[in-house]
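Q: Pasting structure-v6.txt below, which is compact mmCIF, C-alpha atoms and all ligand atoms.
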# COMPACT_ATOMS: atom_id res chain seq x y z
CA MET Z 37 0.00 0.00 0.00
CA HIS Z 38 1.33 3.44 -0.92
CA VAL Z 39 1.10 6.03 1.86
CA PRO Z 40 2.32 9.46 0.79
CA PHE Z 41 3.74 11.83 3.38
CA VAL Z 42 1.16 14.46 2.42
CA ASP Z 43 -1.51 14.38 -0.30
CA LEU Z 44 -2.52 17.77 -1.64
CA LYS Z 45 -4.36 16.23 -4.60
CA ILE Z 46 -7.04 14.52 -2.56
CA GLN Z 47 -7.81 17.72 -0.67
CA TYR Z 48 -8.15 19.65 -3.93
CA LYS Z 49 -10.42 16.93 -5.33
CA ASN Z 50 -12.68 17.20 -2.28
CA ILE Z 51 -13.19 20.97 -2.62
CA LYS Z 52 -12.60 21.34 -6.38
CA SER Z 53 -15.85 23.06 -7.25
CA GLU Z 54 -15.42 25.71 -4.53
CA ILE Z 55 -11.78 26.35 -5.44
CA ASP Z 56 -12.40 26.46 -9.18
CA ALA Z 57 -15.20 28.98 -8.70
CA ALA Z 58 -13.03 31.16 -6.48
CA MET Z 59 -10.20 31.13 -9.01
CA ALA Z 60 -12.56 31.89 -11.89
CA ALA Z 61 -13.88 34.91 -9.98
CA VAL Z 62 -10.37 36.31 -9.52
CA LEU Z 63 -9.63 35.81 -13.23
CA ALA Z 64 -12.90 37.47 -14.26
CA ASP Z 65 -12.09 40.45 -12.05
CA THR Z 66 -8.35 40.44 -12.90
CA ALA Z 67 -7.87 41.26 -9.21
CA PHE Z 68 -4.39 39.79 -9.14
CA ILE Z 69 -2.39 41.78 -6.59
CA ALA Z 70 -3.83 42.74 -3.20
CA GLY Z 71 -7.37 43.97 -4.00
CA LYS Z 72 -10.70 42.72 -2.78
CA TYR Z 73 -9.99 38.97 -2.59
CA THR Z 74 -6.88 39.55 -0.50
CA THR Z 75 -8.71 42.01 1.74
CA ALA Z 76 -11.61 39.59 2.19
CA PHE Z 77 -9.26 36.86 3.39
CA GLU Z 78 -7.40 39.26 5.70
CA THR Z 79 -10.74 40.22 7.28
CA ASP Z 80 -11.85 36.59 7.68
CA PHE Z 81 -8.53 35.44 9.10
CA ALA Z 82 -8.43 38.35 11.58
CA ALA Z 83 -11.94 37.43 12.77
CA TYR Z 84 -10.95 33.76 12.96
CA LEU Z 85 -7.90 34.52 15.11
CA GLY Z 86 -9.65 37.24 17.07
CA VAL Z 87 -6.96 39.85 16.34
CA LYS Z 88 -7.30 43.42 15.14
CA HIS Z 89 -5.01 43.30 12.12
CA VAL Z 90 -4.04 40.68 9.54
CA ILE Z 91 -1.80 41.74 6.68
CA GLY Z 92 -1.19 39.32 3.85
CA CYS Z 93 2.30 39.02 2.40
CA GLY Z 94 4.37 36.91 0.03
CA ASN Z 95 5.27 33.99 2.31
CA GLY Z 96 5.93 32.98 5.90
CA THR Z 97 9.58 33.95 5.73
CA ASP Z 98 8.84 37.51 4.60
CA SER Z 99 6.25 37.81 7.36
CA LEU Z 100 8.87 37.00 10.03
CA GLU Z 101 11.33 39.42 8.50
CA ILE Z 102 8.86 42.29 8.04
CA LEU Z 103 7.40 41.86 11.54
CA LEU Z 104 10.84 41.91 13.18
CA GLN Z 105 11.50 45.19 11.35
CA ALA Z 106 8.06 46.56 12.19
CA MET Z 107 8.68 45.70 15.86
CA GLY Z 108 11.84 47.79 15.80
CA VAL Z 109 14.40 44.97 15.86
CA GLY Z 110 17.52 45.70 13.84
CA ARG Z 111 21.29 46.04 13.63
CA GLY Z 112 23.16 45.08 16.78
CA ASP Z 113 20.19 43.40 18.43
CA GLU Z 114 20.04 39.78 19.54
CA VAL Z 115 16.96 37.64 19.02
CA LEU Z 116 16.35 34.34 20.85
CA VAL Z 117 15.22 31.51 18.57
CA PRO Z 118 14.81 27.75 19.07
CA ALA Z 119 17.62 25.42 18.02
CA ASN Z 120 15.15 23.08 16.31
CA SER Z 121 13.12 24.82 13.62
CA TRP Z 122 13.02 25.54 9.92
CA ILE Z 123 15.78 28.01 9.00
CA SER Z 124 13.30 30.85 8.27
CA THR Z 125 13.02 31.42 12.02
CA SER Z 126 16.71 32.30 12.36
CA GLU Z 127 17.70 33.52 8.88
CA THR Z 128 15.19 36.38 9.03
CA VAL Z 129 16.91 37.62 12.20
CA THR Z 130 20.15 37.80 10.22
CA THR Z 131 18.62 39.44 7.14
CA ILE Z 132 17.41 42.40 9.20
CA GLY Z 133 20.92 42.85 10.62
CA ALA Z 134 20.40 41.28 14.06
CA THR Z 135 21.98 38.12 15.48
CA PRO Z 136 20.09 34.88 16.16
CA VAL Z 137 20.89 33.39 19.57
CA PHE Z 138 19.82 29.76 19.77
CA VAL Z 139 18.04 28.13 22.73
CA ASP Z 140 17.81 24.35 23.11
CA ASN Z 141 14.43 22.66 22.77
CA HIS Z 142 12.32 20.87 25.39
CA PRO Z 143 13.08 17.12 25.35
CA THR Z 144 9.48 15.94 24.85
CA LEU Z 145 7.53 19.00 23.67
CA TYR Z 146 10.17 19.96 21.03
CA THR Z 147 9.30 23.65 21.41
CA ILE Z 148 11.79 26.17 22.86
CA ASP Z 149 12.85 25.12 26.39
CA VAL Z 150 11.54 28.02 28.48
CA SER Z 151 13.83 27.04 31.39
CA LYS Z 152 16.86 27.79 29.19
CA ILE Z 153 15.78 31.19 27.85
CA GLU Z 154 16.94 33.48 30.65
CA GLU Z 155 20.56 32.27 30.61
CA LYS Z 156 20.77 33.49 26.98
CA ILE Z 157 19.50 37.00 27.65
CA THR Z 158 22.08 39.82 27.38
CA PRO Z 159 21.75 43.61 27.38
CA ARG Z 160 21.45 43.38 23.57
CA THR Z 161 18.54 40.92 23.55
CA LYS Z 162 15.51 42.54 21.94
CA ALA Z 163 13.04 39.77 21.14
CA ILE Z 164 12.09 36.09 21.38
CA VAL Z 165 10.68 34.13 18.44
CA PRO Z 166 8.97 31.00 19.77
CA VAL Z 167 7.91 28.45 17.16
CA HIS Z 168 4.79 26.38 17.77
CA LEU Z 169 6.68 23.46 16.33
CA TYR Z 170 4.94 20.52 14.67
CA GLY Z 171 1.60 22.12 15.66
CA LEU Z 172 2.08 22.28 19.45
CA PRO Z 173 2.09 25.75 21.02
CA ALA Z 174 5.21 26.69 22.97
CA GLU Z 175 4.76 27.20 26.74
CA MET Z 176 3.50 30.74 26.29
CA ASP Z 177 2.62 31.63 29.91
CA GLU Z 178 6.20 31.04 31.04
CA LEU Z 179 7.63 32.60 27.90
CA MET Z 180 5.51 35.78 28.10
CA ALA Z 181 6.40 36.17 31.79
CA ILE Z 182 10.12 36.05 30.93
CA ALA Z 183 9.62 38.49 28.05
CA ARG Z 184 7.77 40.95 30.31
CA ARG Z 185 10.37 40.65 33.06
CA HIS Z 186 13.14 41.58 30.62
CA GLY Z 187 11.23 44.00 28.37
CA LEU Z 188 11.52 41.78 25.29
CA LYS Z 189 9.25 41.69 22.25
CA VAL Z 190 7.68 38.36 21.27
CA LEU Z 191 7.02 37.27 17.69
CA GLU Z 192 5.20 33.94 17.40
CA ASP Z 193 6.15 31.77 14.42
CA CYS Z 194 2.80 30.12 13.64
CA ALA Z 195 3.84 28.54 10.34
CA GLN Z 196 2.96 25.06 11.69
CA SER Z 197 0.19 25.90 14.14
CA HIS Z 198 -2.95 27.17 12.40
CA ALA Z 199 -5.90 26.41 14.71
CA ALA Z 200 -3.72 25.36 17.65
CA THR Z 201 -4.68 26.66 21.08
CA TYR Z 202 -2.91 27.09 24.42
CA LYS Z 203 -5.06 27.37 27.56
CA GLY Z 204 -8.08 28.00 25.37
CA ARG Z 205 -6.50 30.81 23.36
CA LYS Z 206 -5.42 30.57 19.73
CA ALA Z 207 -1.72 30.34 18.95
CA GLY Z 208 -0.76 33.65 17.39
CA THR Z 209 -2.58 35.82 19.95
CA PHE Z 210 -0.01 35.86 22.77
CA GLY Z 211 2.95 37.87 21.51
CA ASP Z 212 3.32 41.37 20.07
CA ALA Z 213 2.78 39.89 16.62
CA SER Z 214 2.56 36.54 14.89
CA SER Z 215 3.68 35.17 11.56
CA PHE Z 216 1.79 32.67 9.40
CA SER Z 217 2.91 30.68 6.38
CA PHE Z 218 0.43 29.30 3.86
CA TYR Z 219 2.99 27.20 1.99
CA PRO Z 220 0.91 24.49 0.26
CA GLY Z 221 1.83 21.73 2.74
CA LYS Z 222 0.98 23.75 5.85
CA ASN Z 223 -2.26 23.06 7.79
CA LEU Z 224 -3.86 25.98 5.93
CA GLY Z 225 -2.11 26.00 2.58
CA ALA Z 226 -2.36 28.19 -0.51
CA TYR Z 227 -1.66 27.00 -4.06
CA GLY Z 228 1.65 28.80 -4.20
CA ASP Z 229 3.64 30.92 -1.74
CA ALA Z 230 1.66 33.03 0.71
CA GLY Z 231 1.93 34.37 4.25
CA ALA Z 232 0.28 36.69 6.74
CA MET Z 233 1.18 38.90 9.68
CA ALA Z 234 -1.19 39.24 12.64
CA THR Z 235 -1.14 41.74 15.49
CA ASN Z 236 -3.33 43.76 17.85
CA ASP Z 237 -0.77 46.58 17.84
CA ASP Z 238 -1.80 49.44 15.52
CA ALA Z 239 1.73 50.78 15.13
CA ILE Z 240 3.24 47.38 14.25
CA ALA Z 241 0.39 46.77 11.79
CA GLU Z 242 0.85 50.12 10.10
CA ARG Z 243 4.60 49.67 9.74
CA ALA Z 244 4.28 46.07 8.54
CA ARG Z 245 1.76 47.06 5.89
CA MET Z 246 4.00 49.90 4.75
CA ILE Z 247 7.16 47.78 4.59
CA SER Z 248 5.43 45.04 2.61
CA ASN Z 249 4.27 47.54 -0.03
CA HIS Z 250 7.32 49.73 -0.78
CA GLY Z 251 6.81 52.00 2.21
CA GLN Z 252 3.77 53.52 0.51
CA ILE Z 253 1.21 55.39 2.58
CA ALA Z 254 -0.64 56.53 -0.52
CA LYS Z 255 -0.04 55.97 -4.21
CA ASN Z 256 3.46 57.25 -5.07
CA THR Z 257 3.93 58.57 -1.54
CA HIS Z 258 6.66 56.61 0.18
CA ALA Z 259 7.14 57.36 3.88
CA ILE Z 260 10.05 54.92 4.07
CA GLU Z 261 11.82 52.47 1.79
CA GLY Z 262 10.12 49.11 1.98
CA ARG Z 263 9.95 46.11 -0.30
CA ASN Z 264 7.51 44.10 -2.34
CA SER Z 265 5.87 41.27 -0.43
CA ARG Z 266 2.15 41.11 -1.06
CA LEU Z 267 -0.50 38.41 -0.93
CA ASP Z 268 -1.84 37.95 -4.44
CA GLY Z 269 -5.55 37.84 -5.19
CA MET Z 270 -5.57 34.23 -6.38
CA GLN Z 271 -3.99 33.00 -3.14
CA GLY Z 272 -6.28 35.27 -1.11
CA ALA Z 273 -9.37 33.80 -2.78
CA ILE Z 274 -8.08 30.23 -2.33
CA LEU Z 275 -7.28 30.81 1.35
CA LYS Z 276 -10.66 32.44 1.99
CA THR Z 277 -12.29 29.39 0.44
CA LYS Z 278 -10.20 26.95 2.48
CA LEU Z 279 -10.43 28.73 5.86
CA PRO Z 280 -13.96 27.44 6.72
CA HIS Z 281 -12.60 23.88 6.29
CA LEU Z 282 -9.67 24.37 8.66
CA GLU Z 283 -11.60 23.24 11.73
CA SER Z 284 -12.71 19.90 10.28
CA TRP Z 285 -9.26 19.29 8.75
CA THR Z 286 -7.73 19.95 12.16
CA GLU Z 287 -10.11 17.51 13.84
CA SER Z 288 -9.18 14.88 11.23
CA ARG Z 289 -5.48 15.41 11.94
CA ARG Z 290 -6.15 15.01 15.66
CA LYS Z 291 -8.18 11.86 15.06
CA ASN Z 292 -5.35 10.44 12.94
CA ALA Z 293 -2.82 11.29 15.65
CA ALA Z 294 -5.00 9.54 18.24
CA LEU Z 295 -5.03 6.42 16.05
CA TYR Z 296 -1.24 6.50 15.76
CA ASN Z 297 -1.01 7.00 19.54
CA THR Z 298 -3.22 3.98 20.20
CA HIS Z 299 -1.52 1.65 17.77
CA LEU Z 300 2.02 2.65 18.66
CA ALA Z 301 1.51 2.85 22.42
CA ASP Z 302 3.30 -0.40 23.23
CA THR Z 303 6.31 0.16 20.94
CA GLY Z 304 8.19 2.08 23.61
CA LEU Z 305 8.87 4.88 21.11
CA LEU Z 306 8.61 8.47 22.26
CA LEU Z 307 5.33 9.58 20.67
CA PRO Z 308 4.18 13.22 20.43
CA VAL Z 309 3.24 14.65 23.81
CA ALA Z 310 0.20 16.90 23.96
CA PRO Z 311 -0.33 18.60 27.34
CA ASP Z 312 -3.97 18.85 28.46
CA ASP Z 313 -4.00 22.64 28.22
CA ALA Z 314 -2.88 22.70 24.58
CA ARG Z 315 -4.59 21.78 21.33
CA HIS Z 316 -1.91 20.11 19.22
CA VAL Z 317 -2.82 20.41 15.52
CA TYR Z 318 -0.29 17.85 14.27
CA HIS Z 319 1.21 19.68 11.34
CA LEU Z 320 3.69 16.85 11.80
CA TYR Z 321 3.46 13.61 13.75
CA VAL Z 322 7.03 13.13 14.97
CA VAL Z 323 8.35 10.06 16.78
CA GLN Z 324 11.87 9.23 17.92
CA VAL Z 325 13.29 5.97 16.63
CA PRO Z 326 16.69 4.34 17.04
CA ASN Z 327 18.52 3.48 13.79
CA ARG Z 328 16.32 6.09 12.16
CA ASP Z 329 17.79 5.93 8.65
CA GLU Z 330 17.37 2.14 8.43
CA VAL Z 331 13.84 2.35 9.79
CA GLN Z 332 13.03 5.07 7.25
CA ALA Z 333 14.40 2.90 4.41
CA ALA Z 334 12.41 -0.12 5.63
CA LEU Z 335 9.21 1.97 5.65
CA LYS Z 336 9.97 3.22 2.17
CA ALA Z 337 10.23 -0.39 1.01
CA GLU Z 338 6.66 -0.83 2.34
CA GLY Z 339 5.46 2.14 0.28
CA ILE Z 340 5.47 4.59 3.19
CA GLU Z 341 6.91 8.07 2.77
CA THR Z 342 8.27 9.77 5.86
CA GLY Z 343 10.12 13.01 6.59
CA ILE Z 344 12.77 14.34 8.98
CA HIS Z 345 12.15 17.62 10.80
CA TYR Z 346 14.88 18.54 11.06
CA PRO Z 347 18.00 16.48 10.24
CA THR Z 348 20.43 19.09 11.60
CA ALA Z 349 19.76 21.46 14.49
CA LEU Z 350 20.06 25.04 13.22
CA PRO Z 351 23.11 26.10 15.29
CA LEU Z 352 25.03 23.07 13.97
CA MET Z 353 24.34 24.00 10.33
CA GLN Z 354 27.16 25.27 8.15
CA ALA Z 355 25.27 28.58 7.89
CA TYR Z 356 25.97 29.18 11.59
CA ALA Z 357 29.53 27.83 11.71
CA TYR Z 358 30.59 31.41 12.53
CA GLN Z 359 28.94 31.01 15.95
CA ASN Z 360 31.35 28.12 16.69
CA HIS Z 361 28.77 25.93 18.40
CA THR Z 362 29.22 22.25 19.17
CA ALA Z 363 26.66 19.59 20.00
CA LYS Z 364 27.42 20.13 23.71
CA ASP Z 365 25.83 23.60 23.52
CA PHE Z 366 22.44 22.08 22.58
CA PRO Z 367 22.41 18.65 24.23
CA VAL Z 368 18.71 17.99 23.61
CA ALA Z 369 18.45 19.15 19.99
CA ALA Z 370 21.78 17.54 19.11
CA SER Z 371 20.90 14.19 20.66
CA GLN Z 372 17.47 14.07 19.01
CA MET Z 373 18.30 15.04 15.45
CA ASP Z 374 19.38 11.51 14.47
CA LYS Z 375 16.19 9.98 15.91
CA LEU Z 376 13.37 12.25 14.68
CA LEU Z 377 11.03 10.68 12.15
CA SER Z 378 7.84 12.30 10.83
CA LEU Z 379 5.15 9.79 9.90
CA PRO Z 380 2.58 10.51 7.14
CA MET Z 381 0.10 13.10 8.41
CA TYR Z 382 -2.73 14.89 6.65
CA PRO Z 383 -6.50 15.07 7.21
CA GLU Z 384 -7.45 12.59 4.50
CA LEU Z 385 -5.25 9.71 5.73
CA THR Z 386 -7.41 6.61 6.10
CA GLU Z 387 -7.47 4.29 9.11
CA GLU Z 388 -6.26 1.52 6.80
CA MET Z 389 -3.24 3.61 5.83
CA ILE Z 390 -2.47 4.43 9.46
CA MET Z 391 -2.69 0.73 10.38
CA HIS Z 392 -0.30 -0.09 7.54
CA VAL Z 393 2.18 2.51 8.81
CA CYS Z 394 1.94 1.20 12.39
CA ARG Z 395 2.34 -2.43 11.31
CA SER Z 396 5.29 -1.61 9.06
CA LEU Z 397 6.95 0.51 11.73
CA ARG Z 398 6.69 -2.33 14.26
CA LYS Z 399 8.09 -4.77 11.73
CA SER Z 400 11.01 -2.52 10.83
CA LEU Z 401 11.79 -1.85 14.50
CA ALA Z 402 11.93 -5.58 15.17
CA ALA Z 403 14.13 -6.17 12.13
CA VAL Z 404 16.41 -3.16 12.34
CA VAL Z 405 16.65 -2.35 16.00
CA ALA Z 406 16.70 -5.80 17.61
CA PRO Z 407 17.80 -8.32 14.98
CA ALA Z 408 17.14 -11.92 15.95
C1 LIG Z 501 7.24 26.87 6.66
C2 LIG Z 501 7.88 27.61 7.78
C3 LIG Z 501 8.30 28.95 7.65
C4 LIG Z 501 8.39 29.67 6.34
O1 LIG Z 501 7.29 29.73 5.57
P1 LIG Z 501 7.40 29.99 3.99
O2 LIG Z 501 6.01 30.39 3.65
O3 LIG Z 501 7.82 28.71 3.36
O4 LIG Z 501 8.38 31.08 3.77
C5 LIG Z 501 8.76 29.61 8.77
N1 LIG Z 501 8.86 28.99 9.96
C6 LIG Z 501 8.51 27.70 10.12
C7 LIG Z 501 8.63 27.07 11.46
C8 LIG Z 501 8.02 26.97 9.03
O5 LIG Z 501 7.68 25.68 9.20
So that I can check it, write out the structure of this file as structure tokens.
Ligand SMILES: *Cc1c(COP(=O)(O)O)cnc(C)c1O
A:
Amino acid sequence: MHVPFVDLKIQYKNIKSEIDAAMAAVLADTAFIAGKYTTAFETDFAAYLGVKHVIGCGNGTDSLEILLQAMGVGRGDEVLVPANSWISTSETVTTIGATPVFVDNHPTLYTIDVSKIEEKITPRTKAIVPVHLYGLPAEMDELMAIARRHGLKVLEDCAQSHAATYKGRKAGTFGDASSFSFYPGKNLGAYGDAGAMATNDDAIAERARMISNHGQIAKNTHAIEGRNSRLDGMQGAILKTKLPHLESWTESRRKNAALYNTHLADTGLLLPVAPDDARHVYHLYVVQVPNRDEVQAALKAEGIETGIHYPTALPLMQAYAYQNHTAKDFPVAASQMDKLLSLPMYPELTEEMIMHVCRSLRKSLAAVVAPA
């Protein structure tokens, strides 16, 4: 049985008539850049999150970069980021002229280890960028308390956490601003690159909107130099069409995760941990396995595609060699990176597929990890 890692085709098939109509409307209106379809999505997404401002932009990397700038972070500043994330979280700190300072991750939650944040704070620290990694919100109460104590800004990276909640509140509503990616494989995905910035802060919103559109405050009136990072009308219309489905897709992901949990419970593997006060939205279902590469190959032989998120902790990447870190600096992230394995996860996975993955994983563990 073939089990893809994600399946964007089946989702499109299920909502084809709605999507095709939305795209046809954009074409008929030639409302390609910004315009009414983008604005309509921004309005809906702001209402969905319960925030005052949502500003669409080109992708979830631009949104991090623009928001850091809009929050007043810049040259000479230090920004705390988790050691385990996609590189957008740290590279955007560098592109605005600041320095990323890495913090190890929690051993079972995978999000930034809040007990290790304060030791990294210096007089130059300006902000923290927690990532709600794999779909589980970071421990925001503790993190916000630290930020307040030290006068730091907080930018939530919500690229993997659409619809996640922490203590009943949506991820993306805790910090000064939050950044969303709608890369096609994300829990709410566009059909191309797209992103959005969310905030309740009028000044951050105004600056972010300006920066993303050449610093314009009115046509041909540029208050500052900005850049071009806008949400196009086609993606806006597609996202507006998909947003009402997000809740049921999220419930399907959670149901699939529960099935994995049940059928892998006795394997002894470290399965995803979801604290009672958080709603994990399982952008990824990550387990830790010994002999990971052999297990991954054995699953592939059974038709099962898996992923690794991420194979190298950010501070140990060549891109950050200038920081001279070794594995000892990030004992948790460094010891986990050879064990992480992401199993197939998307709303339309069938129970039969999940059972096949669980059976094959058991078989490969028996063969690879404890040979007779
Ligand atoms: C996907 C992702 C991003 C970047 O989003 P793009 O839209 O691909 O630029 C940023 N941070 C995290 C944690 C991500 O997973």
Q: Rank nothing, just name the residue among Z:Ser265, Z:Gln271, Z:Thr135, Z:Thr147 nearest to Thr74 in chain Z, using all atoms listed in the file.
A: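 Of all the options, Z:Gln271 lies closest to Thr74 in chain Z.
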Q: Kindly indicate which residue among Z:Thr75, Z:Thr66, Z:Ser124, Z:Ser99 lies nearest to ligand LIG 501 (chain Z), using all atoms listed in the file for the distances.
A: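 Smallest distance to ligand LIG 501 (chain Z) is found for Z:Ser124.
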Q: Go ahead and compute the interatomic distance for CA of Thr235 in chain Z and CA of Ala213 in chain Z, in Å to one decimal.
A: 4.5 Å
Q: Given all atoms listed in the file as the basis, pick out the residue of Z:Thr298, Z:Thr257, Z:Ser400, Z:Gln47 nearest to Gly221 in chain Z.
A: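 Distance minimum relative to Gly221 in chain Z lands on Z:Gln47.
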Q: Could you give me, as CSV, every chain Z residue with an atom at most 7 Å from ligand LIG 501 (chain Z), plus its closest atom pair and distance in Å to one decimal, counting all atoms listed in the file, rows ordered by chain then number?
A:
residue,atom,partner,partner_atom,distance
Z:Asn95,CA,Z:LIG501,O2,3.9
Z:Gly96,CA,Z:LIG501,O2,3.4
Z:Thr97,CA,Z:LIG501,O4,3.7
Z:Asp98,CA,Z:LIG501,O4,6.5
Z:Ser121,CA,Z:LIG501,C7,5.5
Z:Trp122,CA,Z:LIG501,C7,4.9
Z:Ser124,CA,Z:LIG501,C5,4.7
Z:Thr125,CA,Z:LIG501,N1,5.2
Z:Val167,CA,Z:LIG501,C7,5.9
Z:Leu169,CA,Z:LIG501,C7,6.4
Z:Asp193,CA,Z:LIG501,N1,5.9
Z:Cys194,CA,Z:LIG501,C7,6.9
Z:Ala195,CA,Z:LIG501,C8,4.7
Z:Gln196,CA,Z:LIG501,O5,5.4
Z:Ser217,CA,Z:LIG501,O2,4.1
Z:Phe218,CA,Z:LIG501,O2,5.7
Z:Tyr219,CA,Z:LIG501,O2,4.7
Z:Asp229,CA,Z:LIG501,O2,5.9
Z:Ala230,CA,Z:LIG501,O2,5.9
Z:Gly231,CA,Z:LIG501,O2,5.7
Q: Considering all atoms listed in the file, return as a VMD selection string whatever protein or nucleic-acid residues lie within 6 Å of Lys375 in chain Z, sequence-local ones (same chain, fewer than 5 positions apart) excluded.
A: chain Z and resid 324 to 326 328
Q: Give me the residues near Lys364 in chain Z as a VMD selection string, where near means some atom within 12 Å (using all atoms listed in the file) and where sequence neighbours in that chain fewer than 6 positions away do not count.
A: chain Z and resid 140 351 to 352 370 to 371
Q: Would you mind reading off the distance between CA of Gly304 in chain Z and CA of Lys291 in chain Z, one decimal, in Å?
A: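 One can read the CA of Gly304 in chain Z to CA of Lys291 in chain Z distance as 20.9 Å.
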Q: Nearest to Ser284 in chain Z among Z:Ala254, Z:Val317, Z:Leu145, Z:Met389, with distances taken over only C-alpha atoms: which residue is it?
A: Z:Val317
Q: Of the candidates Z:Leu267, Z:Ile123, Z:Ile157, Z:Ala232, which shows the shortest atom-to-atom distance to Leu85 in chain Z, using all atoms listed in the file?
A: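 Under the stated criterion, the closest residue is Z:Ala232.
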Q: Reconstruct all heavy atoms of range 171-177 of chain Z from the incomplete input and present them as a PDB file, in the coordinates of the input.
A:
ATOM      1  N   GLY Z 171       3.026  21.899  15.390  1.00  0.00           N
ATOM      2  CA  GLY Z 171       1.600  22.120  15.660  1.00  0.00           C
ATOM      3  C   GLY Z 171       1.268  22.237  17.139  1.00  0.00           C
ATOM      4  O   GLY Z 171       0.104  22.409  17.496  1.00  0.00           O
ATOM      5  N   LEU Z 172       2.307  22.142  18.005  1.00  0.00           N
ATOM      6  CA  LEU Z 172       2.080  22.280  19.450  1.00  0.00           C
ATOM      7  C   LEU Z 172       2.549  23.656  19.918  1.00  0.00           C
ATOM      8  O   LEU Z 172       3.709  24.005  19.720  1.00  0.00           O
ATOM      9  CB  LEU Z 172       2.854  21.196  20.217  1.00  0.00           C
ATOM     10  CG  LEU Z 172       2.730  21.278  21.743  1.00  0.00           C
ATOM     11  CD1 LEU Z 172       1.320  20.936  22.204  1.00  0.00           C
ATOM     12  CD2 LEU Z 172       3.756  20.369  22.429  1.00  0.00           C
ATOM     13  N   PRO Z 173       1.669  24.445  20.547  1.00  0.00           N
ATOM     14  CA  PRO Z 173       2.090  25.750  21.020  1.00  0.00           C
ATOM     15  C   PRO Z 173       3.229  25.651  22.042  1.00  0.00           C
ATOM     16  O   PRO Z 173       3.244  24.737  22.876  1.00  0.00           O
ATOM     17  CB  PRO Z 173       0.829  26.325  21.685  1.00  0.00           C
ATOM     18  CG  PRO Z 173      -0.297  25.607  21.026  1.00  0.00           C
ATOM     19  CD  PRO Z 173       0.222  24.221  20.745  1.00  0.00           C
ATOM     20  N   ALA Z 174       4.156  26.586  21.962  1.00  0.00           N
ATOM     21  CA  ALA Z 174       5.210  26.690  22.970  1.00  0.00           C
ATOM     22  C   ALA Z 174       4.558  27.038  24.310  1.00  0.00           C
ATOM     23  O   ALA Z 174       3.387  27.427  24.352  1.00  0.00           O
ATOM     24  CB  ALA Z 174       6.212  27.762  22.557  1.00  0.00           C
ATOM     25  N   GLU Z 175       5.312  26.915  25.405  1.00  0.00           N
ATOM     26  CA  GLU Z 175       4.760  27.200  26.740  1.00  0.00           C
ATOM     27  C   GLU Z 175       4.685  28.712  26.933  1.00  0.00           C
ATOM     28  O   GLU Z 175       5.583  29.338  27.496  1.00  0.00           O
ATOM     29  CB  GLU Z 175       5.632  26.525  27.800  1.00  0.00           C
ATOM     30  CG  GLU Z 175       5.586  25.003  27.682  1.00  0.00           C
ATOM     31  CD  GLU Z 175       6.584  24.344  28.597  1.00  0.00           C
ATOM     32  OE1 GLU Z 175       7.788  24.380  28.311  1.00  0.00           O
ATOM     33  OE2 GLU Z 175       6.146  23.791  29.626  1.00  0.00           O
ATOM     34  N   MET Z 176       3.586  29.283  26.440  1.00  0.00           N
ATOM     35  CA  MET Z 176       3.500  30.740  26.290  1.00  0.00           C
ATOM     36  C   MET Z 176       3.353  31.499  27.604  1.00  0.00           C
ATOM     37  O   MET Z 176       3.808  32.627  27.702  1.00  0.00           O
ATOM     38  CB  MET Z 176       2.382  31.112  25.319  1.00  0.00           C
ATOM     39  CG  MET Z 176       2.655  30.703  23.871  1.00  0.00           C
ATOM     40  SD  MET Z 176       4.263  31.264  23.253  1.00  0.00           S
ATOM     41  CE  MET Z 176       3.988  33.033  23.107  1.00  0.00           C
ATOM     42  N   ASP Z 177       2.729  30.905  28.628  1.00  0.00           N
ATOM     43  CA  ASP Z 177       2.620  31.630  29.910  1.00  0.00           C
ATOM     44  C   ASP Z 177       4.009  31.930  30.461  1.00  0.00           C
ATOM     45  O   ASP Z 177       4.317  33.073  30.816  1.00  0.00           O
ATOM     46  CB  ASP Z 177       1.842  30.792  30.936  1.00  0.00           C
ATOM     47  CG  ASP Z 177       0.344  31.017  30.824  1.00  0.00           C
ATOM     48  OD1 ASP Z 177      -0.066  31.834  29.964  1.00  0.00           O
ATOM     49  OD2 ASP Z 177      -0.411  30.377  31.582  1.00  0.00           O
TER      50      ASP Z 177
END
